[in-house]
Each structure stands twice: as structure tokens, then as C-alpha cells.
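One file, protein-v9.cif, is given below (mmCIF, C-alpha atoms).
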data_data
loop_
_atom_site.label_atom_id
_atom_site.label_comp_id
_atom_site.auth_asym_id
_atom_site.auth_seq_id
_atom_site.Cartn_x
_atom_site.Cartn_y
_atom_site.Cartn_z
CA MET A 68 3.85 34.83 17.12
CA ASN A 69 0.42 33.35 17.76
CA TYR A 70 -0.56 35.53 20.69
CA HIS A 71 -4.26 36.27 20.78
CA PHE A 72 -4.84 39.91 21.64
CA ASP A 73 -7.80 40.69 23.85
CA TRP A 74 -8.17 44.20 25.20
CA THR A 75 -11.67 43.85 26.69
CA PRO A 76 -10.47 42.75 30.18
CA ILE A 77 -8.31 45.89 30.31
CA TRP A 78 -11.27 48.10 29.51
CA ALA A 79 -13.34 46.20 32.08
CA ALA A 80 -10.67 46.92 34.71
CA ARG A 81 -10.54 50.64 33.94
CA GLY A 82 -11.85 51.43 37.43
CA LEU A 83 -8.84 49.75 39.04
CA ILE A 84 -6.48 51.44 36.61
CA ALA A 85 -8.01 54.83 37.43
CA GLU A 86 -7.65 54.17 41.17
CA GLY A 87 -4.03 53.18 40.67
CA LEU A 88 -3.40 56.27 38.58
CA ALA A 89 -4.91 58.49 41.28
CA MET A 90 -2.66 56.83 43.87
CA THR A 91 0.44 57.26 41.67
CA VAL A 92 -0.40 60.95 41.21
CA ALA A 93 -1.00 61.46 44.96
CA LEU A 94 2.19 59.62 45.86
CA SER A 95 4.30 61.51 43.32
CA ALA A 96 2.80 64.88 44.24
CA ALA A 97 3.46 64.38 47.95
CA ALA A 98 7.01 63.16 47.30
CA LEU A 99 7.58 66.02 44.85
CA VAL A 100 6.69 68.61 47.49
CA PHE A 101 8.81 67.02 50.23
CA SER A 102 11.80 66.32 47.98
CA THR A 103 11.75 69.93 46.77
CA VAL A 104 11.73 71.20 50.36
CA ILE A 105 14.56 68.80 51.29
CA GLY A 106 16.46 69.75 48.15
CA LEU A 107 16.16 73.50 48.72
CA ILE A 108 17.29 73.26 52.33
CA VAL A 109 20.09 70.72 51.88
CA GLY A 110 21.21 72.19 48.55
CA GLY A 111 21.25 75.67 50.06
CA ALA A 112 23.31 74.41 53.00
CA ALA A 113 25.72 72.64 50.66
CA ALA A 114 26.25 75.75 48.55
CA ALA A 115 26.17 78.58 51.04
CA GLY A 116 26.20 77.13 54.56
CA SER A 117 28.92 77.06 57.21
CA ARG A 118 31.67 74.46 57.02
CA ALA A 119 29.77 72.07 59.31
CA ALA A 120 26.52 72.56 57.38
CA ARG A 121 28.31 71.81 54.12
CA ALA A 122 29.80 68.61 55.52
CA LEU A 123 26.42 67.50 56.87
CA ALA A 124 24.69 68.26 53.57
CA LEU A 125 27.32 66.32 51.64
CA ALA A 126 27.00 63.33 53.97
CA PHE A 127 23.22 63.43 53.59
CA THR A 128 23.19 63.55 49.78
CA GLU A 129 25.92 60.93 49.33
CA THR A 130 24.19 58.51 51.69
CA MET A 131 20.63 59.00 50.53
CA ARG A 132 21.24 58.80 46.81
CA ASN A 133 23.66 55.88 46.91
CA ILE A 134 21.19 53.57 48.63
CA PRO A 135 18.78 51.94 46.17
CA LEU A 136 15.25 53.30 46.35
CA LEU A 137 13.94 49.78 46.88
CA ILE A 138 16.07 49.52 50.04
CA HIS A 139 14.76 52.92 51.16
CA MET A 140 11.22 51.57 50.86
CA TYR A 141 12.02 48.38 52.76
CA ILE A 142 13.90 50.25 55.49
CA TRP A 143 10.95 52.50 56.26
CA TYR A 144 8.43 49.74 55.86
CA MET A 145 10.14 46.77 57.51
CA ALA A 146 13.15 47.88 59.54
CA LEU A 147 11.27 50.75 61.13
CA ALA A 148 8.03 48.80 61.40
CA PHE A 149 7.79 49.76 65.08
CA LEU A 150 6.94 53.28 63.93
CA ARG A 151 3.76 51.74 62.50
CA LEU A 152 3.71 54.13 59.55
CA PRO A 153 1.12 53.30 56.89
CA ALA A 154 2.62 51.99 53.65
CA PHE A 155 1.74 55.20 51.81
CA SER A 156 3.73 57.34 54.29
CA CYS A 157 6.68 54.95 54.07
CA ALA A 158 6.66 55.27 50.29
CA VAL A 159 6.45 59.08 50.45
CA LEU A 160 9.27 59.15 53.01
CA GLY A 161 11.54 56.86 51.00
CA LEU A 162 10.86 58.63 47.70
CA SER A 163 11.31 62.09 49.24
CA LEU A 164 14.65 61.30 50.89
CA TYR A 165 15.98 59.58 47.77
CA SER A 166 14.83 62.22 45.27
CA GLY A 167 15.50 65.03 47.75
CA ALA A 168 19.20 64.14 47.64
CA TYR A 169 19.19 64.46 43.85
CA VAL A 170 17.27 67.75 43.99
CA ALA A 171 19.81 69.00 46.56
CA GLU A 172 22.68 68.28 44.16
CA VAL A 173 20.93 70.16 41.37
CA VAL A 174 20.06 73.10 43.65
CA ARG A 175 23.67 73.26 44.86
CA ALA A 176 24.91 73.43 41.29
CA GLY A 177 22.28 76.04 40.43
CA ILE A 178 23.27 78.29 43.33
CA GLY A 179 26.90 77.87 42.32
CA ALA A 180 25.97 79.06 38.83
CA VAL A 181 24.52 82.32 40.14
CA GLY A 182 27.42 84.78 40.24
CA ARG A 183 28.99 85.53 43.63
CA GLY A 184 28.54 89.22 42.85
CA GLN A 185 24.77 88.79 43.16
CA MET A 186 25.05 87.70 46.79
CA GLN A 187 27.61 90.37 47.61
CA ALA A 188 25.53 93.11 45.99
CA ALA A 189 22.42 91.93 47.85
CA LEU A 190 24.26 91.98 51.18
CA ALA A 191 25.70 95.41 50.37
CA THR A 192 22.21 96.83 49.82
CA GLY A 193 21.40 95.81 53.39
CA LEU A 194 19.46 92.58 52.86
CA THR A 195 20.07 89.88 55.44
CA ARG A 196 21.69 86.61 54.30
CA PHE A 197 18.31 84.91 54.37
CA GLN A 198 16.63 87.69 52.36
CA ALA A 199 19.46 87.63 49.84
CA MET A 200 19.01 83.88 49.36
CA ARG A 201 15.23 84.10 49.27
CA TYR A 202 14.83 87.05 46.88
CA ILE A 203 18.05 87.20 44.86
CA VAL A 204 19.81 83.85 44.66
CA TYR A 205 17.03 81.22 44.70
CA PRO A 206 14.85 82.80 41.98
CA GLN A 207 17.80 82.93 39.59
CA ALA A 208 19.04 79.47 40.54
CA LEU A 209 15.58 77.92 40.07
CA ARG A 210 15.36 79.35 36.58
CA ILE A 211 18.74 77.88 35.68
CA ILE A 212 17.95 74.42 37.02
CA ALA A 213 14.37 74.17 35.69
CA PRO A 214 15.27 71.65 32.93
CA SER A 215 17.19 69.40 35.37
CA LEU A 216 14.32 69.59 37.86
CA ALA A 217 11.92 68.55 35.11
CA SER A 218 13.88 65.38 34.44
CA LEU A 219 14.23 64.65 38.17
CA PHE A 220 10.48 64.96 38.65
CA SER A 221 9.68 62.66 35.76
CA GLN A 222 12.22 60.25 37.26
CA LEU A 223 10.34 60.51 40.55
CA ILE A 224 7.02 59.56 38.96
CA LYS A 225 8.57 56.47 37.42
CA ASP A 226 10.36 55.60 40.66
CA SER A 227 7.04 55.74 42.52
CA SER A 228 6.25 52.38 40.86
CA LEU A 229 8.56 50.75 43.42
CA ALA A 230 5.99 51.58 46.11
CA SER A 231 4.09 48.57 44.75
CA VAL A 232 6.54 46.24 46.54
CA ILE A 233 5.38 47.55 49.91
CA ALA A 234 1.75 47.12 48.82
CA VAL A 235 0.82 50.70 48.01
CA ALA A 236 -2.01 50.25 45.51
CA GLU A 237 -0.60 52.53 42.82
CA LEU A 238 -0.58 51.95 39.07
CA THR A 239 2.02 49.17 38.89
CA TYR A 240 0.43 47.35 41.82
CA GLN A 241 -2.98 47.45 40.16
CA ALA A 242 -1.43 46.23 36.92
CA GLY A 243 -0.12 43.19 38.77
CA ALA A 244 -3.55 42.60 40.28
CA ILE A 245 -5.30 42.89 36.90
CA GLU A 246 -2.71 40.61 35.30
CA GLY A 247 -3.32 38.05 38.03
CA GLN A 248 -7.05 38.04 37.39
CA THR A 249 -7.13 38.22 33.60
CA PHE A 250 -3.77 36.81 32.38
CA ARG A 251 -3.74 39.53 29.68
CA THR A 252 -0.06 40.06 30.48
CA PHE A 253 1.05 41.98 27.45
CA GLU A 254 -2.01 44.21 27.20
CA VAL A 255 -1.86 45.19 30.88
CA TYR A 256 1.80 46.16 30.95
CA ILE A 257 1.72 48.00 27.63
CA THR A 258 -1.33 49.95 28.81
CA ILE A 259 0.26 51.09 32.03
CA SER A 260 3.59 51.94 30.44
CA LEU A 261 1.71 54.19 28.02
CA ILE A 262 -0.08 55.80 30.98
CA TYR A 263 3.30 56.43 32.64
CA LEU A 264 4.60 57.88 29.39
CA VAL A 265 1.74 60.39 29.25
CA LEU A 266 2.09 61.22 32.95
CA VAL A 267 5.84 61.75 32.71
CA THR A 268 5.53 63.91 29.61
CA ALA A 269 2.85 66.04 31.25
CA ALA A 270 4.85 66.39 34.48
CA SER A 271 7.98 67.51 32.68
CA GLN A 272 5.97 70.50 31.41
CA LEU A 273 5.07 71.44 35.01
CA VAL A 274 8.37 73.11 35.80
CA LEU A 275 7.62 75.65 33.10
CA LEU A 276 5.40 77.18 35.80
CA ILE A 277 8.58 78.45 37.50
CA PRO A 278 8.59 82.17 36.62
CA GLY A 279 11.00 82.89 33.79
CA SER A 280 11.86 79.23 33.18
CA ARG A 281 10.09 79.34 29.82
CA ASN A 282 12.75 81.70 28.50
CA GLU A 283 15.46 79.60 30.05
CA ALA A 284 14.10 76.44 28.44
CA ALA A 285 13.91 78.23 25.09
CA ALA A 286 17.46 79.46 25.58
CA GLY A 287 18.51 75.88 26.38
CA ARG A 288 16.95 74.62 23.17
CA PHE A 289 18.64 77.38 21.25
CA ALA A 290 21.98 76.47 22.77
CA ASP A 291 21.38 72.83 21.85
CA ALA A 292 20.57 73.59 18.23
CA MET B 235 29.78 41.61 62.46
CA PRO B 236 26.28 40.75 63.72
CA ASP B 237 25.46 37.06 64.05
CA VAL B 238 22.71 36.98 61.48
CA ILE B 239 25.10 38.37 58.82
CA LEU B 240 27.96 36.02 59.78
CA LYS B 241 25.71 32.99 59.76
CA ASN B 242 24.39 33.81 56.29
CA LEU B 243 27.59 35.27 54.90
CA PRO B 244 28.12 32.76 52.05
CA PHE B 245 24.54 33.24 50.89
CA LEU B 246 24.77 37.03 51.04
CA LEU B 247 28.15 37.04 49.28
CA ASN B 248 26.59 34.92 46.58
CA GLY B 249 23.92 37.61 46.26
CA LEU B 250 26.58 40.31 46.09
CA TRP B 251 28.35 38.39 43.36
CA LEU B 252 25.10 38.12 41.41
CA THR B 253 24.55 41.88 41.80
CA ILE B 254 28.03 42.51 40.38
CA ASP B 255 27.45 39.97 37.60
CA LEU B 256 24.09 41.55 36.64
CA SER B 257 25.62 45.03 36.72
CA MET B 258 28.64 44.08 34.59
CA TRP B 259 26.62 42.39 31.86
CA SER B 260 24.05 45.18 31.81
CA ILE B 261 26.71 47.89 31.71
CA VAL B 262 28.67 46.26 28.86
CA LEU B 263 25.66 45.34 26.70
CA GLY B 264 23.73 48.51 27.62
CA THR B 265 26.67 50.71 26.66
CA LEU B 266 26.92 48.96 23.28
CA LEU B 267 23.18 49.39 22.70
CA GLY B 268 23.32 53.03 23.80
CA LEU B 269 26.31 53.73 21.57
CA VAL B 270 24.59 52.22 18.53
CA ALA B 271 21.22 53.89 19.20
CA GLY B 272 22.84 57.23 19.98
CA THR B 273 24.97 57.11 16.84
CA VAL B 274 21.98 56.14 14.71
CA ARG B 275 20.13 59.17 16.08
CA PHE B 276 23.15 61.43 15.53
CA VAL B 277 23.83 60.32 11.96
CA ARG B 278 20.07 60.20 11.24
CA VAL B 279 20.15 56.82 9.53
CA PRO B 280 16.77 56.62 7.73
CA VAL B 281 14.11 54.34 9.29
CA LEU B 282 16.49 53.17 12.05
CA ASP B 283 16.44 56.75 13.33
CA THR B 284 12.69 56.51 13.92
CA VAL B 285 12.99 53.06 15.48
CA ALA B 286 15.64 54.37 17.88
CA LEU B 287 13.54 57.44 18.70
CA VAL B 288 10.46 55.37 19.58
CA TYR B 289 12.56 52.94 21.65
CA ILE B 290 14.29 55.75 23.57
CA GLU B 291 11.14 57.73 24.28
CA PHE B 292 9.17 54.64 25.28
CA ILE B 293 11.78 53.40 27.74
CA ARG B 294 12.45 56.83 29.21
CA GLY B 295 8.76 57.17 29.96
CA THR B 296 8.43 53.75 31.61
CA PRO B 297 9.44 52.74 35.14
CA LEU B 298 12.19 50.11 35.38
CA LEU B 299 9.89 47.77 37.30
CA VAL B 300 7.42 47.82 34.41
CA VAL B 301 10.26 47.19 31.92
CA LEU B 302 11.25 44.12 33.94
CA PHE B 303 7.64 42.90 33.99
CA ILE B 304 7.58 43.34 30.22
CA THR B 305 10.79 41.34 29.65
CA TYR B 306 9.83 38.70 32.23
CA PHE B 307 6.08 38.28 31.64
CA ALA B 308 4.83 40.21 28.61
CA PHE B 309 7.45 39.44 25.91
CA PRO B 310 7.57 35.69 26.62
CA ALA B 311 3.74 35.61 26.50
CA LEU B 312 3.65 37.65 23.30
CA PHE B 313 6.37 35.83 21.38
CA GLY B 314 5.87 32.43 23.03
CA TYR B 315 9.31 31.67 24.48
CA HIS B 316 10.60 30.70 27.93
CA THR B 317 12.99 32.84 29.89
CA THR B 318 14.60 32.85 33.30
CA ALA B 319 14.37 35.67 35.85
CA TYR B 320 18.12 36.20 35.45
CA ARG B 321 17.96 36.59 31.68
CA ALA B 322 14.81 38.71 31.84
CA ALA B 323 16.50 40.97 34.39
CA ILE B 324 19.58 41.48 32.21
CA SER B 325 17.50 42.15 29.08
CA GLY B 326 15.38 44.62 31.04
CA PHE B 327 18.41 46.43 32.44
CA VAL B 328 20.11 46.56 29.03
CA LEU B 329 16.99 47.96 27.35
CA PHE B 330 16.50 50.43 30.20
CA ILE B 331 20.02 51.80 30.57
CA GLY B 332 20.61 51.71 26.79
CA ALA B 333 17.92 54.33 26.21
CA TYR B 334 19.42 56.76 28.72
CA LEU B 335 22.96 56.14 27.47
CA ALA B 336 21.82 56.71 23.88
CA GLU B 337 20.72 60.22 24.82
CA ASP B 338 24.02 60.85 26.61
CA PHE B 339 26.03 59.63 23.63
CA ARG B 340 23.96 61.71 21.25
CA SER B 341 24.52 64.91 23.22
CA GLY B 342 28.23 64.07 23.41
CA LEU B 343 28.36 63.55 19.65
CA ARG B 344 26.62 66.86 19.05
CA ALA B 345 29.13 68.67 21.27
CA VAL B 346 32.05 67.84 18.95
CA ARG B 347 33.07 71.00 17.09
CA PRO B 348 31.92 71.04 13.44
CA GLY B 349 35.32 72.36 12.37
CA LEU B 350 36.93 69.06 13.33
CA ILE B 351 34.47 67.14 11.19
CA GLN B 352 35.06 69.40 8.20
CA ALA B 353 38.82 69.16 8.69
CA GLY B 354 38.57 65.38 8.82
CA LEU B 355 36.53 65.25 5.61
CA ALA B 356 38.89 67.72 3.94
CA THR B 357 41.88 65.45 4.58
CA GLY B 358 40.11 62.78 2.55
CA LEU B 359 38.72 60.55 5.33
CA THR B 360 35.36 58.92 4.60
CA ARG B 361 32.32 59.84 6.72
CA TRP B 362 32.63 56.53 8.58
CA GLN B 363 36.34 57.14 9.30
CA VAL B 364 35.58 60.65 10.58
CA LEU B 365 32.91 59.21 12.87
CA ARG B 366 35.11 56.36 14.05
CA HIS B 367 38.42 58.17 14.52
CA ILE B 368 37.50 61.79 15.22
CA ILE B 369 33.97 62.26 16.53
CA LEU B 370 33.40 59.15 18.64
CA PRO B 371 36.65 59.24 20.66
CA GLN B 372 35.98 62.84 21.67
CA ALA B 373 32.30 62.28 22.34
CA VAL B 374 32.95 59.23 24.53
CA ARG B 375 35.54 61.08 26.60
CA ARG B 376 33.21 64.02 26.97
CA VAL B 377 30.26 61.96 28.23
CA LEU B 378 32.25 59.80 30.69
CA PRO B 379 30.72 61.55 33.74
CA SER B 380 27.15 60.99 32.49
CA LEU B 381 28.00 57.38 31.64
CA PHE B 382 29.22 56.71 35.15
CA ASN B 383 26.16 58.43 36.62
CA GLN B 384 24.03 55.96 34.69
CA TYR B 385 26.21 53.02 35.77
CA VAL B 386 25.84 54.00 39.42
CA ARG B 387 22.11 54.33 38.89
CA LEU B 388 22.07 50.89 37.32
CA ILE B 389 23.84 49.25 40.28
CA LYS B 390 21.12 50.62 42.53
CA PHE B 391 18.44 49.57 40.08
CA THR B 392 19.67 45.95 39.98
CA SER B 393 18.00 45.65 43.39
CA VAL B 394 14.67 45.73 41.56
CA ALA B 395 15.51 42.31 40.06
CA SER B 396 14.61 40.88 43.47
CA VAL B 397 10.97 41.67 42.67
CA ILE B 398 10.96 39.14 39.81
CA GLY B 399 12.75 36.60 42.02
CA VAL B 400 16.45 37.02 41.28
CA THR B 401 18.38 36.40 44.51
CA GLU B 402 20.92 39.15 44.05
CA LEU B 403 22.02 41.13 47.11
CA THR B 404 18.57 42.54 47.91
CA GLY B 405 16.77 39.31 47.11
CA ALA B 406 19.23 37.32 49.23
CA GLY B 407 18.85 39.79 52.09
CA LEU B 408 15.07 39.58 51.95
CA LEU B 409 15.22 35.77 52.01
CA VAL B 410 17.55 35.80 55.01
CA ASN B 411 15.20 38.24 56.69
CA ALA B 412 12.20 36.04 55.97
CA ARG B 413 13.90 33.21 57.85
CA ASP B 414 15.72 34.97 60.69
CA PHE B 415 13.80 38.25 60.91
CA HIS B 416 16.38 40.90 61.70
CA PRO B 417 15.19 43.61 59.31
CA VAL B 418 17.24 46.47 60.81
CA THR B 419 20.58 44.65 60.75
CA ILE B 420 20.06 43.05 57.35
CA LEU B 421 18.74 46.11 55.54
CA ALA B 422 21.42 48.35 57.08
CA THR B 423 24.14 45.93 55.97
CA ILE B 424 22.78 45.74 52.44
CA ALA B 425 22.42 49.51 52.28
CA ILE B 426 26.06 49.96 53.30
CA VAL B 427 27.24 47.46 50.68
CA TYR B 428 25.38 49.36 47.94
CA LEU B 429 26.74 52.64 49.31
CA VAL B 430 30.32 51.33 49.05
CA LEU B 431 29.76 49.88 45.56
CA CYS B 432 28.22 53.09 44.24
CA ILE B 433 30.75 55.46 45.79
CA ALA B 434 33.64 53.29 44.56
CA LEU B 435 32.25 53.28 41.02
CA SER B 436 31.67 57.03 40.94
CA MET B 437 35.21 57.63 42.23
CA ALA B 438 36.56 55.36 39.50
CA GLY B 439 34.51 57.35 36.98
CA ARG B 440 35.91 60.65 38.23
CA ALA B 441 39.48 59.35 38.06
CA LEU B 442 38.91 58.07 34.53
CA TYR B 443 37.41 61.37 33.43
CA ALA B 444 40.29 63.35 34.93
CA HIS B 445 42.68 61.12 33.01
CA PHE B 446 40.89 61.27 29.65
CA ALA B 447 39.39 64.78 29.82
CA VAL B 448 39.18 66.56 26.44
CA ARG B 449 41.44 69.60 26.60
CA THR B 450 40.07 72.40 24.50
#

Translate the structure described by the file into C-alpha cells.
Amino acid sequence: MNYHFDWTPIWAARGLIAEGLAMTVALSAAALVFSTVIGLIVGGAAAAGSRAARALALAFTETMRNIPLLIHMYIWYMALAFLRLPAFSCAVLGLSLYSGAYVAEVVRAGIGAVGRGQMQAALATGLTRFQAMRYIVYPQALRIIAPSLASLFSQLIKDSSLASVIAVAELTYQAGAIEGQTFRTFEVYITISLIYLVLVTAASQLVLLIPGSRNEAAAGRFADA
Amino acid sequence: MPDVILKNLPFLLNGLWLTIDLSMWSIVLGTLLGLVAGTVRFVRVPVLDTVALVYIEFIRGTPLLVVLFITYFAFPALFGYHTTAYRAAISGFVLFIGAYLAEDFRSGLRAVRPGLIQAGLATGLTRWQVLRHIILPQAVRRVLPSLFNQYVRLIKFTSVASVIGVTELTGAGLLVNARDFHPVTILATIAIVYLVLCIALSMAGRALYAHFAVRT
């Protein structure tokens, strides 16, 4: 191994790395919001909707999550080029549909884990179906699925790197650019993988903001031990 | 079938075959790596335990695309060897999926009831025999669904190999598109092929799990 390490070009390119990081965060945050919305709606329909709604929700999740994310990106960017969406929107769209299907599965399972009695009791007290879902079922389900959501969201951040293939200037894209200019291959890729590691670790703590999930996470750890 | 697909069928089938080939090698080798790393973590083999922990945490925090760049560009630069896109892709996939499978195996191993282990030791089996004949068979059967989830994920992820120039299904499709420019038809066809592959594999996984389920 006679590789000569030189980290100075990486430090010199810190501006580009910071720009890429900002783009990765923006991309992931936007996709996180949309995939959560998709997941709550589709997952709710799959767990508690009418027969037709359940079938539609199932078709949606099975299709969206069994198509590779890379293909999602290309479809929105190339096949639907006539829509003239900017690359960033295509990436958000692809990521949200792909991750949304996974969130929907988790939400469906979470709602299933909330006892039927909860829904029946809520309806018996005179809440409408919507109110019962909104105030009784979802809060409990969210608490149960917090750990799974955490891993889905860290997955999403890593998956956002694929946006680089449709020329969204996020972290991985910038790494390629820096590598092309400096040829410090190893240093560049190790640096950005460490940045992703920090980002993913930080993001997985975010779901602890869900009210009550802290206890649930602690209970999960206890159950593991 | 649309003209552009028919005309390029042999080329696209070649790509499909390469996707299957990449997936098979990565699944077999990745499962072995995951089993070893997961067992090392479970048994807490000194030193190796730490190595496995660092490997698992590093990979699980890194995007697949970056892992492929590391096996294709960074490792050959660092250690001074030549590699092909195909070999770099397989090593990347194996490293990537192995880390996730290791965690699955470890949680499966931890789910085996302690009473069984004690009973095994009490009958005079060595620790290795208990692991080999009692704990592992149960753990593997228990984690079959998670394993197949990872395998399905891997099939989809093999598409990323196209970025480093492997002409598997996605790469082949993109090349065809670059020449004939029918993005809608080509991407839709590829998407459907992946859909069929993934759904078939998850159905196989479910059937296997139903057959081997641990009855407690």
C-alpha cells in the first residue's frame, strides 16, 4: 500500500461539500414530509378503508416499492420530460413515492397493532370515523411505529444520493465533482460517507420528537435486552 | 411488444441475465458474510466483535452508491489494484447487504430461548455444537422474512450498478434509450421486469417461511 494521503484538497473544497450537504438535507427533508403524508393516507386507507380503497392502497404500495428508486428517478426525469420538472422536483417526487410506499406499509401495520376496541370505543363516544382516526388511532400507532419510521427516514437520506444521477447537486454529486478535479479518490469518498453517517445518526434521533415515542423506544430497548 | 423492445430484445435479455447474475452472487456471498458477522457479534468474539461492529455501522450509515464508488474507485486507488465494474459492483453489494443481514441474523440469534441453549449444554454438547445444531437453525428460520426483504431490496439496488457502467438491465435500457430514444416505453418495460422479479422473490420467501416457520 503506497498510497499517498493528501487531505488538503478536501479541506479546500469544503464550500462545495457544504453546498452538497445543504442540498442533501433540503432534498431529504422535502421527501420526508411528502412520504409521511403519502404514508399516512395510503397506510390509513390500507388498514381502515373500504374494500376498494384497500385494493387501491395495496396496488400503490406494491408497485411503488418494487420499482428500483433509480428507475423512479429516471422515469420522472426522462420519461416524463415533457412535464419539464426541474431535477430537484423529480428527485423529491421519486423519493417520496418510493419511501411513501414503505411508510404506508409501516403505518398499516401500526394501525393494525392498535386494538380494535380503541376504534369501537371512540365511535361509541360519538366521534366521527375521521376524528377517531385523528385523535385515537393515529397517535397510538405513531408511537408504536416510531422505531421503524426512524430506520425508514435514515434509509431515505441515504437513498437521496441517487438524485446525483439526474444531476441534482447534492453531496454525492459534489463528491464526484471534487474527485474529478483533485483525484483524491479515497479521501473524498471516505469524507462524504462519514458525513452521511453523522447525518443518518442525527436523523434517526428525530422521530423521538413524536410525543410519547421516547417511552416506546425505551420499552423497545428493554424488550431487546 | 413495442418495436423498440423487440428490436433490442437480445441486448435487454442479456442485461436481465446480468441483473440476475449480480443478484445471485451478491445474495449468496452477502448472506455468508452476514451470517459470519452476525454470529461474531452474537457470540462476542473478542476483537472480531469490534471489527464487525465498525463494519456494520459504517455500511449502514453510507449510501449504496457511495459504497460502489468506494469499491470501484477508492479501494483500487488506495491498495493499488485493478478491478472491473462487474467485480466492484459485486463486492459493493456483498459488503452492503452483508451489514444489514448481519443485524437481522443477530436479532434472530438473540430471539432463541435461553432454555434451549442451557438444555443443549446440559446434554453435553459443546458451545460450538449448540450454536451449530440448536441456535442457528432456529435463528435462520425465524429471520427468513427479513432475509427475503433484504434480497428484494438488493435486486432493486443492483440497478445502481449501471452508474459505474455495468450494463445490467437498467444500464442496458439506458443504452438502448440513448440510441433509439423511447424513454417512456423503455423505462416502463424495465420497471415492470423489476416489479415481476421482486414480487416473485417475495412470494417465494413467504412460501419458504410458511414451510419452515418455527412452531412455538

Compute the chain A side of the contact with chain B at 9 Å, counting all atoms listed in the file, and hand it back as a ChimeraX atom specification.
/A:68-72,129-139,141-142,145-147,221-222,224-229,232,239,251-257,259-268,291

Selection from above, C-alpha atoms, as a PDB file, keeping the file's coordinate frame, can you write it?
ATOM      1  CA  MET A  68       3.850  34.830  17.120  1.00  0.00           C
ATOM      2  CA  ASN A  69       0.420  33.350  17.760  1.00  0.00           C
ATOM      3  CA  TYR A  70      -0.560  35.530  20.690  1.00  0.00           C
ATOM      4  CA  HIS A  71      -4.260  36.270  20.780  1.00  0.00           C
ATOM      5  CA  PHE A  72      -4.840  39.910  21.640  1.00  0.00           C
ATOM      6  CA  GLU A 129      25.920  60.930  49.330  1.00  0.00           C
ATOM      7  CA  THR A 130      24.190  58.510  51.690  1.00  0.00           C
ATOM      8  CA  MET A 131      20.630  59.000  50.530  1.00  0.00           C
ATOM      9  CA  ARG A 132      21.240  58.800  46.810  1.00  0.00           C
ATOM     10  CA  ASN A 133      23.660  55.880  46.910  1.00  0.00           C
ATOM     11  CA  ILE A 134      21.190  53.570  48.630  1.00  0.00           C
ATOM     12  CA  PRO A 135      18.780  51.940  46.170  1.00  0.00           C
ATOM     13  CA  LEU A 136      15.250  53.300  46.350  1.00  0.00           C
ATOM     14  CA  LEU A 137      13.940  49.780  46.880  1.00  0.00           C
ATOM     15  CA  ILE A 138      16.070  49.520  50.040  1.00  0.00           C
ATOM     16  CA  HIS A 139      14.760  52.920  51.160  1.00  0.00           C
ATOM     17  CA  TYR A 141      12.020  48.380  52.760  1.00  0.00           C
ATOM     18  CA  ILE A 142      13.900  50.250  55.490  1.00  0.00           C
ATOM     19  CA  MET A 145      10.140  46.770  57.510  1.00  0.00           C
ATOM     20  CA  ALA A 146      13.150  47.880  59.540  1.00  0.00           C
ATOM     21  CA  LEU A 147      11.270  50.750  61.130  1.00  0.00           C
ATOM     22  CA  SER A 221       9.680  62.660  35.760  1.00  0.00           C
ATOM     23  CA  GLN A 222      12.220  60.250  37.260  1.00  0.00           C
ATOM     24  CA  ILE A 224       7.020  59.560  38.960  1.00  0.00           C
ATOM     25  CA  LYS A 225       8.570  56.470  37.420  1.00  0.00           C
ATOM     26  CA  ASP A 226      10.360  55.600  40.660  1.00  0.00           C
ATOM     27  CA  SER A 227       7.040  55.740  42.520  1.00  0.00           C
ATOM     28  CA  SER A 228       6.250  52.380  40.860  1.00  0.00           C
ATOM     29  CA  LEU A 229       8.560  50.750  43.420  1.00  0.00           C
ATOM     30  CA  VAL A 232       6.540  46.240  46.540  1.00  0.00           C
ATOM     31  CA  THR A 239       2.020  49.170  38.890  1.00  0.00           C
ATOM     32  CA  ARG A 251      -3.740  39.530  29.680  1.00  0.00           C
ATOM     33  CA  THR A 252      -0.060  40.060  30.480  1.00  0.00           C
ATOM     34  CA  PHE A 253       1.050  41.980  27.450  1.00  0.00           C
ATOM     35  CA  GLU A 254      -2.010  44.210  27.200  1.00  0.00           C
ATOM     36  CA  VAL A 255      -1.860  45.190  30.880  1.00  0.00           C
ATOM     37  CA  TYR A 256       1.800  46.160  30.950  1.00  0.00           C
ATOM     38  CA  ILE A 257       1.720  48.000  27.630  1.00  0.00           C
ATOM     39  CA  ILE A 259       0.260  51.090  32.030  1.00  0.00           C
ATOM     40  CA  SER A 260       3.590  51.940  30.440  1.00  0.00           C
ATOM     41  CA  LEU A 261       1.710  54.190  28.020  1.00  0.00           C
ATOM     42  CA  ILE A 262      -0.080  55.800  30.980  1.00  0.00           C
ATOM     43  CA  TYR A 263       3.300  56.430  32.640  1.00  0.00           C
ATOM     44  CA  LEU A 264       4.600  57.880  29.390  1.00  0.00           C
ATOM     45  CA  VAL A 265       1.740  60.390  29.250  1.00  0.00           C
ATOM     46  CA  LEU A 266       2.090  61.220  32.950  1.00  0.00           C
ATOM     47  CA  VAL A 267       5.840  61.750  32.710  1.00  0.00           C
ATOM     48  CA  THR A 268       5.530  63.910  29.610  1.00  0.00           C
ATOM     49  CA  ASP A 291      21.380  72.830  21.850  1.00  0.00           C
TER      50      ASP A 291
END

Using only C-alpha atoms, can you list as a list of chain:residue names the residues within 10 Å of (18.4, 67.6, 44.5)?
A:Ser102, A:Thr103, A:Val104, A:Ile105, A:Gly106, A:Leu107, A:Ile108, A:Val109, A:Gly110, A:Thr128, A:Arg132, A:Leu164, A:Tyr165, A:Ser166, A:Gly167, A:Ala168, A:Tyr169, A:Val170, A:Ala171, A:Glu172, A:Val173, A:Val174, A:Arg175, A:Ala176, A:Ser215, A:Leu216, A:Leu219

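Between CA of Ile178 in chain A and CA of Ala213 in chain A the interatomic distance comes to 12.4 Å.
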
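Going from CA of Val400 in chain B over to CA of Ala98 in chain A, you cover 28.4 Å.
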
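Take CA of Ile84 in chain A and CA of His316 in chain B: the distance between them is 28.2 Å.
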
Name every residue that the PyMOL selection byres ((chain B and resi 276) around 12) selects in this structure, writing the answer as an MDAnalysis selection string with chains first and numbers rising.
chainID B and resid 268:275 277:280 282:284 286:287 336:346 365 369:370 373

Given the file above and the PyMOL selection byres ((chain A and resi 89) around 12), which residues are selected, and can you give them as a ChimeraX atom specification?
/A:82-88,90-96,235-239,241,262,266

So that all listed atoms of range 288-304 of chain B fit with 4 Å spare on each side, what axis-aligned box centre and edge lengths in Å, to one decimal, would you give as AutoDock Vina command-line options?
--center_x 10.9 --center_y 50.3 --center_z 28.4 --size_x 14.9 --size_y 22.8 --size_z 25.7

Skip Ile277 in chain A itself and residues of its chain fewer than 6 positions away, then list as a ChimeraX atom specification all residues within 12 Å of it, counting all atoms listed in the file.
/A:205-214,216-217,271,283-284

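In terms of minimum interatomic distance to Leu246 in chain B, B:Thr423 ranks closest within B:Thr423, B:Tyr443, B:Asn383, B:Gly332, counting only C-alpha atoms.
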